[in-house]
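Participant: Just protein_6.txt, nothing more (compact mmCIF, C-alpha atoms and all ligand atoms):
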# COMPACT_ATOMS: atom_id res chain seq x y z
CA MET A 1 -1.66 -4.90 13.78
CA LYS A 2 -0.35 -5.21 10.22
CA LEU A 3 -2.45 -6.73 7.47
CA GLY A 4 -0.86 -8.72 4.68
CA VAL A 5 -3.41 -9.39 1.96
CA ASN A 6 -2.93 -12.70 0.20
CA ILE A 7 -3.99 -12.11 -3.41
CA ASP A 8 -3.46 -15.62 -4.81
CA HIS A 9 -7.19 -16.01 -5.37
CA ILE A 10 -7.21 -13.14 -7.86
CA ALA A 11 -4.94 -15.33 -9.95
CA THR A 12 -7.11 -18.37 -9.18
CA LEU A 13 -10.06 -16.56 -10.75
CA ARG A 14 -8.00 -15.59 -13.77
CA GLU A 15 -6.90 -19.22 -14.18
CA ALA A 16 -10.55 -20.29 -14.30
CA ARG A 17 -10.60 -18.75 -17.78
CA LYS A 18 -6.90 -18.82 -18.65
CA ILE A 19 -7.00 -15.25 -19.86
CA ASN A 20 -5.55 -12.01 -18.45
CA ASP A 21 -8.35 -10.83 -16.17
CA PRO A 22 -8.39 -10.21 -13.28
CA ASP A 23 -4.75 -9.17 -13.03
CA PRO A 24 -3.32 -9.68 -9.51
CA LEU A 25 -1.05 -6.68 -10.05
CA GLU A 26 -4.10 -4.40 -10.05
CA ALA A 27 -5.00 -5.76 -6.60
CA VAL A 28 -1.65 -4.57 -5.26
CA PHE A 29 -2.50 -0.93 -6.01
CA ILE A 30 -6.01 -1.27 -4.58
CA ALA A 31 -4.65 -2.92 -1.41
CA LYS A 32 -2.22 -0.06 -0.90
CA ASN A 33 -5.04 2.51 -1.22
CA ALA A 34 -7.14 0.52 1.23
CA GLY A 35 -4.42 0.61 3.91
CA ALA A 36 -2.93 -2.88 3.69
CA GLU A 37 0.66 -3.02 4.91
CA GLN A 38 1.83 -5.99 2.88
CA ILE A 39 0.98 -8.22 -0.07
CA THR A 40 1.39 -11.96 0.26
CA ILE A 41 1.67 -14.25 -2.76
CA HIS A 42 2.50 -17.92 -3.12
CA LEU A 43 4.51 -19.29 -6.02
CA ARG A 44 3.43 -22.91 -5.94
CA GLU A 45 5.42 -25.65 -7.63
CA ASP A 46 2.39 -26.48 -9.82
CA ARG A 47 1.84 -22.74 -10.67
CA ARG A 48 -1.89 -23.29 -10.13
CA HIS A 49 -2.56 -19.58 -9.50
CA MET A 50 0.42 -17.21 -9.50
CA HIS A 51 2.84 -17.54 -12.42
CA ASP A 52 6.49 -16.53 -12.49
CA GLU A 53 5.61 -13.39 -14.48
CA ASP A 54 3.07 -12.35 -11.81
CA ILE A 55 5.68 -12.63 -9.10
CA THR A 56 8.24 -10.63 -11.10
CA LYS A 57 5.76 -7.89 -12.06
CA ILE A 58 4.39 -7.61 -8.52
CA ILE A 59 7.80 -7.46 -6.82
CA ASN A 60 9.10 -4.93 -9.34
CA SER A 61 6.05 -2.63 -9.25
CA SER A 62 4.70 -2.76 -5.70
CA GLN A 63 5.05 0.07 -3.23
CA LEU A 64 4.03 -2.36 -0.50
CA PRO A 65 6.44 -4.97 0.90
CA ILE A 66 5.96 -8.31 -0.83
CA ASN A 67 5.98 -11.50 1.20
CA VAL A 68 6.32 -14.59 -1.00
CA GLU A 69 5.29 -17.98 0.31
CA SER A 70 7.35 -20.83 -1.06
CA SER A 71 8.20 -24.45 -0.45
CA ILE A 72 11.89 -25.21 0.10
CA ASN A 73 12.22 -26.18 -3.60
CA LYS A 74 15.72 -24.97 -4.55
CA GLU A 75 14.80 -23.68 -8.02
CA ILE A 76 11.94 -21.56 -6.69
CA ILE A 77 14.01 -20.23 -3.78
CA ASP A 78 16.86 -19.24 -6.13
CA TYR A 79 14.36 -17.58 -8.50
CA LEU A 80 12.80 -15.62 -5.62
CA ILE A 81 16.13 -14.61 -4.10
CA ALA A 82 17.12 -13.02 -7.42
CA LEU A 83 13.92 -10.93 -7.33
CA LYS A 84 14.60 -9.72 -3.77
CA PRO A 85 11.13 -9.64 -2.22
CA HIS A 86 10.81 -8.10 1.26
CA SER A 87 10.35 -11.53 2.86
CA ILE A 88 10.00 -15.22 2.08
CA THR A 89 7.72 -17.42 4.18
CA LEU A 90 8.62 -21.09 3.95
CA VAL A 91 5.53 -23.30 3.81
CA PRO A 92 4.93 -27.03 3.28
CA GLU A 93 3.52 -27.91 -0.11
CA ASN A 94 1.68 -30.92 -1.38
CA ARG A 95 0.41 -31.10 -4.95
CA MET A 96 -2.97 -32.60 -4.03
CA GLU A 97 -3.96 -30.12 -1.31
CA VAL A 98 -6.61 -27.43 -1.92
CA THR A 99 -4.65 -25.00 0.26
CA THR A 100 -1.65 -25.24 2.59
CA GLU A 101 -2.34 -27.97 5.14
CA GLY A 102 -0.45 -27.99 8.44
CA GLY A 103 2.76 -26.23 9.33
CA LEU A 104 6.24 -26.82 7.98
CA LYS A 105 8.14 -29.83 9.38
CA LEU A 106 11.41 -28.36 10.57
CA GLN A 107 14.10 -30.73 9.27
CA ASP A 108 17.74 -29.66 9.56
CA SER A 109 17.98 -29.11 5.78
CA ILE A 110 15.74 -26.05 6.14
CA LYS A 111 18.53 -24.30 8.08
CA GLU A 112 20.62 -23.97 4.92
CA THR A 113 17.68 -22.48 2.98
CA ILE A 114 17.06 -19.94 5.76
CA LYS A 115 20.73 -18.92 5.75
CA LYS A 116 20.79 -18.49 1.97
CA ILE A 117 17.71 -16.27 2.02
CA LYS A 118 18.99 -14.16 4.91
CA ASP A 119 22.46 -13.83 3.36
CA ASN A 120 20.71 -12.14 0.44
CA GLY A 121 19.13 -9.53 2.68
CA ILE A 122 15.63 -11.05 2.61
CA LYS A 123 13.64 -11.60 5.78
CA VAL A 124 12.56 -15.20 6.59
CA SER A 125 9.43 -16.44 8.26
CA LEU A 126 8.44 -20.07 8.89
CA PHE A 127 4.80 -21.12 8.69
CA ILE A 128 4.52 -23.55 11.59
CA ASP A 129 2.02 -25.22 13.87
CA ALA A 130 1.80 -23.82 17.39
CA PHE A 131 4.16 -26.35 19.00
CA SER A 132 6.77 -25.13 21.50
CA ASP A 133 9.48 -27.45 20.11
CA ASP A 134 9.00 -26.05 16.60
CA ILE A 135 9.07 -22.48 17.89
CA LYS A 136 12.37 -23.10 19.68
CA LYS A 137 13.72 -24.82 16.56
CA ALA A 138 12.71 -21.83 14.42
CA LYS A 139 14.85 -19.70 16.72
CA ASP A 140 17.75 -22.19 16.58
CA PHE A 141 17.49 -22.14 12.78
CA GLU A 142 17.82 -18.32 12.96
CA SER A 143 14.53 -17.51 11.31
CA ASP A 144 13.48 -13.87 11.79
CA ALA A 145 9.83 -14.69 12.32
CA ILE A 146 7.22 -17.41 12.56
CA GLU A 147 3.71 -17.43 11.17
CA LEU A 148 1.43 -19.47 13.42
CA HIS A 149 -0.94 -21.72 11.51
CA THR A 150 -4.48 -20.76 12.54
CA GLY A 151 -6.25 -23.28 10.27
CA ALA A 152 -7.35 -25.71 12.99
CA PHE A 153 -8.63 -22.84 15.16
CA ALA A 154 -10.54 -21.44 12.17
CA ASN A 155 -12.12 -24.82 11.42
CA LEU A 156 -13.33 -25.20 15.00
CA PHE A 157 -14.69 -21.66 14.97
CA LEU A 158 -16.76 -22.65 11.92
CA VAL A 159 -18.02 -25.80 13.61
CA LEU A 160 -19.12 -23.82 16.69
CA ASN A 161 -20.48 -20.70 15.05
CA THR A 162 -21.86 -21.52 11.62
CA ASN A 163 -24.07 -24.04 9.86
CA LEU A 164 -21.07 -25.83 8.40
CA ASN A 165 -21.95 -29.09 10.11
CA ARG A 166 -25.33 -29.18 8.36
CA THR A 167 -23.62 -29.21 4.97
CA HIS A 168 -21.76 -31.91 3.07
CA ASN A 169 -18.53 -30.23 4.26
CA ALA A 170 -19.29 -31.09 7.90
CA LEU A 171 -16.25 -31.54 10.16
CA ILE A 172 -16.84 -34.26 12.72
CA ILE A 173 -14.95 -33.24 15.87
CA ASN A 174 -15.59 -34.55 19.40
CA ASN A 175 -15.89 -31.91 22.13
CA PRO A 176 -15.34 -29.01 19.73
CA LYS A 177 -15.83 -26.37 22.47
CA VAL A 178 -13.09 -27.81 24.66
CA LYS A 179 -10.76 -28.26 21.69
CA TYR A 180 -11.46 -24.71 20.51
CA GLN A 181 -10.48 -23.26 23.93
CA MET A 182 -7.35 -25.42 24.00
CA LEU A 183 -6.28 -24.33 20.53
CA LEU A 184 -6.82 -20.67 21.26
CA LYS A 185 -4.85 -20.91 24.51
CA ASN A 186 -2.11 -22.78 22.69
CA LEU A 187 -1.92 -20.06 20.03
CA GLU A 188 -1.60 -17.47 22.76
CA ASP A 189 1.05 -19.41 24.73
CA SER A 190 2.97 -20.03 21.52
CA ALA A 191 2.91 -16.37 20.57
CA ILE A 192 4.21 -15.43 24.04
CA LEU A 193 6.98 -18.03 23.88
CA ALA A 194 8.07 -16.94 20.39
CA ASN A 195 8.03 -13.29 21.37
CA ASN A 196 10.05 -14.00 24.53
CA ILE A 197 12.81 -15.73 22.58
CA GLY A 198 13.03 -12.91 20.06
CA LEU A 199 11.00 -14.09 17.07
CA GLU A 200 8.51 -11.83 15.32
CA VAL A 201 5.11 -13.49 15.48
CA TYR A 202 2.58 -13.52 12.67
CA ALA A 203 -0.52 -15.63 12.08
CA GLY A 204 -2.61 -16.79 9.18
CA HIS A 205 -4.84 -19.34 7.50
CA GLY A 206 -8.60 -19.47 7.60
CA LEU A 207 -8.92 -16.08 9.31
CA ASN A 208 -12.11 -14.23 8.49
CA TYR A 209 -14.33 -11.31 9.54
CA GLN A 210 -15.79 -13.31 12.43
CA ASN A 211 -12.91 -15.28 13.95
CA VAL A 212 -10.20 -12.63 13.60
CA LYS A 213 -11.36 -10.85 16.77
CA GLU A 214 -9.99 -13.71 18.89
CA ILE A 215 -6.57 -13.51 17.28
CA VAL A 216 -6.38 -9.71 17.59
CA LYS A 217 -6.52 -10.18 21.38
CA ILE A 218 -3.13 -11.94 21.31
CA LYS A 219 -0.91 -8.90 21.52
CA GLU A 220 2.34 -10.72 20.66
CA ILE A 221 0.97 -11.35 17.15
CA THR A 222 1.91 -8.33 15.06
CA GLU A 223 0.89 -9.33 11.53
CA LEU A 224 -1.90 -11.32 9.91
CA ASN A 225 -1.84 -12.76 6.41
CA ILE A 226 -5.38 -13.17 5.12
CA GLY A 227 -6.54 -14.23 1.69
CA HIS A 228 -9.68 -16.23 1.07
CA SER A 229 -12.12 -14.33 3.28
CA ILE A 230 -11.05 -10.93 1.92
CA ILE A 231 -11.24 -11.98 -1.72
CA ALA A 232 -14.58 -13.72 -1.08
CA ARG A 233 -15.98 -10.54 0.51
CA ALA A 234 -14.57 -8.46 -2.34
CA VAL A 235 -16.89 -10.28 -4.76
CA PHE A 236 -19.82 -8.53 -3.04
CA CYS A 237 -18.43 -5.19 -1.90
CA GLY A 238 -15.23 -4.61 -3.88
CA LEU A 239 -11.65 -5.28 -2.89
CA GLU A 240 -10.96 -1.86 -1.42
CA ASN A 241 -14.00 -2.05 0.92
CA ALA A 242 -13.23 -5.65 1.87
CA ILE A 243 -9.69 -4.70 2.90
CA ARG A 244 -10.84 -1.58 4.78
CA GLU A 245 -13.38 -3.66 6.72
CA MET A 246 -10.69 -6.13 7.75
CA LYS A 247 -8.29 -3.33 8.65
CA ASN A 248 -10.96 -1.87 10.96
CA LEU A 249 -11.46 -5.21 12.69
CA ILE A 250 -7.78 -5.70 13.44
CA LYS A 251 -7.08 -2.15 14.56
CA ARG A 252 -5.70 -2.11 18.12
N1 LIG A 301 -0.56 -17.76 5.44
C1 LIG A 301 -0.06 -18.84 4.78
C2 LIG A 301 1.31 -19.30 5.13
C3 LIG A 301 -0.80 -19.48 3.76
O1 LIG A 301 -0.29 -20.53 3.13
C4 LIG A 301 -2.07 -18.96 3.42
C5 LIG A 301 -2.84 -19.59 2.31
O2 LIG A 301 -2.20 -19.38 1.11
C6 LIG A 301 -2.54 -17.85 4.12
C7 LIG A 301 -1.78 -17.27 5.14
C8 LIG A 301 -3.88 -17.25 3.84
O3 LIG A 301 -4.86 -18.17 4.15
P1 LIG A 301 -6.39 -17.85 3.83
O4 LIG A 301 -6.50 -17.77 2.34
O5 LIG A 301 -7.11 -19.00 4.42
O6 LIG A 301 -6.69 -16.54 4.48
Please render this file's structure as structure tokens.
Ligand code: PXP
Facilitator:
Amino acid sequence: MKLGVNIDHIATLREARKINDPDPLEAVFIAKNAGAEQITIHLREDRRHMHDEDITKIINSSQLPINVESSINKEIIDYLIALKPHSITLVPENRMEVTTEGGLKLQDSIKETIKKIKDNGIKVSLFIDAFSDDIKKAKDFESDAIELHTGAFANLFLVLNTNLNRTHNALIINNPKVKYQMLLKNLEDSAILANNIGLEVYAGHGLNYQNVKEIVKIKEITELNIGHSIIARAVFCGLENAIREMKNLIKR
């Protein structure tokens, strides 16, 4: 299973001081040494972490394929197309959110954006919720791949397996065990459906060193994009070790 390391949080840390350190470009070289297969970065409309210069430097210098997450904002898409990353993952974006919330809503206008990206030789993935209608639509829109949103699954895993609900961040969910099983089954069914109709299937959001084992069991999922948990672990054991540990967990 391929690992895409999302390095946005390296830039988030840099932005805490508005200076040059840590440089996300350095993380690209470390990730390659550690065995990551891809780097994922998000150029947000508000440029809260990655800046345009980061994206340019990273795409131009990386030996690993670069997957850039973007909203369907025309200016950003045109800017990214000119840089020719390996792939673009279309994601929803909302200025107030802490991180991407929910999958992309697949309106017809997205079709045109997908075509433009593909016509420029760049692979397209759509970050979507695990709904069969959206999966079929992604195929109709001629996306190459989908990335299944694992955020809700990850939240329920936290509720069931950690002390989260004793903190001020508690998530109040009725019947979390039943919902957790349903979500996991739905992720699996969605991955099978997508694979059967010829889409590549990836997953991401909220995946960590504990919950990832459930996702690895879904054999139709071939790539994971993981950010927060790896960067958080890197604070204690270094980025290279944090990536190697995750690589070991997702080895099939
Ligand atoms: N995949 C997508 C489409 C995302 O938007 C994000 C968050 O930027 C991730 C994966 C990584 O999520 P996390 O940081 O929770 O691992």
Participant: Using all atoms listed in the file, which residues sit within 9 Å of Ile72 of chain A once same-chain residues fewer than 3 positions away are excluded, as a short mmCIF file (atom, residue, chain, number, x, y, z; two decimals) with C-alpha atoms, in the coordinates of the input?
Facilitator:
data_model
loop_
_atom_site.label_atom_id
_atom_site.label_comp_id
_atom_site.auth_asym_id
_atom_site.auth_seq_id
_atom_site.Cartn_x
_atom_site.Cartn_y
_atom_site.Cartn_z
CA GLU A 75 14.80 -23.68 -8.02
CA ILE A 76 11.94 -21.56 -6.69
CA ILE A 77 14.01 -20.23 -3.78
CA LEU A 90 8.62 -21.09 3.95
CA VAL A 91 5.53 -23.30 3.81
CA PRO A 92 4.93 -27.03 3.28
CA GLU A 93 3.52 -27.91 -0.11
CA ILE A 110 15.74 -26.05 6.14
CA THR A 113 17.68 -22.48 2.98
#
Participant: Kindly indicate which residue among A:Lys179, A:Arg44, A:Lys247, A:Lys123 lies nearest to ligand LIG 301 (chain A), using all atoms listed in the file for the distances.
Facilitator: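 Of all the options, A:Arg44 lies closest to ligand LIG 301 (chain A).
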Participant: Excluding same-chain residues fewer than 6 positions from His42 of chain A, what lies within 10 Å of it counting all atoms listed in the file, as a ChimeraX atom specification?
Facilitator: /A:6-8,48-51,55,67-71,88-91
Participant: Residues at most 7 Å from segment 126-133 of chain A, counting all atoms listed in the file, excluding those fewer than 3 positions away in the same chain, as a tab-separated table (two decimals) with C-alpha atoms, in the coordinates of the input?
Facilitator:
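What landed in around.tsv:
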chain	number	residue	atom	x	y	z
A	89	THR	CA	7.72	-17.42	4.18
A	90	LEU	CA	8.62	-21.09	3.95
A	91	VAL	CA	5.53	-23.30	3.81
A	102	GLY	CA	-0.45	-27.99	8.44
A	103	GLY	CA	2.76	-26.23	9.33
A	104	LEU	CA	6.24	-26.82	7.98
A	136	LYS	CA	12.37	-23.10	19.68
A	137	LYS	CA	13.72	-24.82	16.56
A	145	ALA	CA	9.83	-14.69	12.32
A	146	ILE	CA	7.22	-17.41	12.56
A	147	GLU	CA	3.71	-17.43	11.17
A	148	LEU	CA	1.43	-19.47	13.42
A	149	HIS	CA	-0.94	-21.72	11.51
A	186	ASN	CA	-2.11	-22.78	22.69
A	187	LEU	CA	-1.92	-20.06	20.03
A	190	SER	CA	2.97	-20.03	21.52
Participant: Give me the residues near segment 157-163 of chain A as a list of chain:residue names, where near means some atom within 9 Å (using all atoms listed in the file) and where sequence neighbours in that chain fewer than 2 positions away do not count.
Facilitator: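 Those residues are A:Ala152, A:Phe153, A:Ala154, A:Asn155, A:Asn165, A:Arg166, A:Thr167, A:Ala170, A:Leu171, A:Ile172, A:Ile173, A:Pro176, A:Lys177, A:Tyr180, A:Gln210, A:Asn211.
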Participant: Do you have the atom CA of Ser143 of chain A-atom CA of Gly35 of chain A distance handy?
Facilitator: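 So the answer is 27.2 Å.
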Participant: Just to confirm, what's the straight-line distance from atom CA of Asn174 of chain A to atom CA of Asp134 of chain A in Å (one decimal)?
Facilitator: 26.2 Å
Participant: Using all atoms of ligand LIG 301 (chain A) that appear in the file, construct an axis-aligned enclosing box with 3 Å of padding on every side and provide its centre coordinates and edge lengths in Å, rounded to one decimal, as lines of an AutoDock Vina configuration file.
Facilitator:
center_x = -2.9
center_y = -18.5
center_z = 3.3
size_x = 14.4
size_y = 10.0
size_z = 10.3
Participant: Atom CA of Asn248 of chain A and atom CA of Leu184 of chain A, how far apart in Å?
Facilitator: 21.8 Å
Participant: Return the single residue from A:Lys185, A:Lys57, A:His228, A:Arg233 that is closest to ligand LIG 301 (chain A), with distances computed using only C-alpha atoms and all ligand atoms.
Facilitator: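 Among the listed residues, the smallest separation from ligand LIG 301 (chain A) belongs to A:His228.
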Participant: Looking at A:Glu223, A:Asp52, A:Asp78, A:Glu240, which one is nearest to ligand LIG 301 (chain A), with distances taken over all atoms listed in the file?
Facilitator: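 For ligand LIG 301 (chain A), the nearest of the given residues is A:Glu223.
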Participant: Looking at A:Met96, A:Ile41, A:Met246, A:Leu156, which one is nearest to ligand LIG 301 (chain A), with distances taken over all atoms listed in the file?
Facilitator: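 Result for the nearest residue to ligand LIG 301 (chain A): A:Ile41.
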Participant: List as a PyMOL selection string the protein and nucleic acid residues near Asn225 of chain A, meaning an atom at most 8 Å away when all atoms listed in the file are counted, but skip any in the same chain fewer than 4 places from it.
Facilitator: chain A and resi 3-6+40+202-205
Participant: Go ahead and save the picked residues with C-alpha atoms, as a PDB file, in the coordinates of the input.
Facilitator:
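Output file selection-v2.pdb follows:
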ATOM      1  CA  LEU A   3      -2.450  -6.730   7.470  1.00  0.00           C
ATOM      2  CA  GLY A   4      -0.860  -8.720   4.680  1.00  0.00           C
ATOM      3  CA  VAL A   5      -3.410  -9.390   1.960  1.00  0.00           C
ATOM      4  CA  ASN A   6      -2.930 -12.700   0.200  1.00  0.00           C
ATOM      5  CA  THR A  40       1.390 -11.960   0.260  1.00  0.00           C
ATOM      6  CA  TYR A 202       2.580 -13.520  12.670  1.00  0.00           C
ATOM      7  CA  ALA A 203      -0.520 -15.630  12.080  1.00  0.00           C
ATOM      8  CA  GLY A 204      -2.610 -16.790   9.180  1.00  0.00           C
ATOM      9  CA  HIS A 205      -4.840 -19.340   7.500  1.00  0.00           C
TER      10      HIS A 205
END
Participant: Looking at A:Asp23, A:His9, A:Glu101, A:Ala36, which one is nearest to Leu224 of chain A, with distances taken over all atoms listed in the file?
Facilitator: A:Ala36
Participant: Using only C-alpha atoms and all ligand atoms, which of A:Leu207, A:Ile221, A:Met1, A:Val216 sits nearest ligand LIG 301 (chain A)?
Facilitator: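 Comparing A:Leu207, A:Ile221, A:Met1, A:Val216 against ligand LIG 301 (chain A), the winner is A:Leu207.
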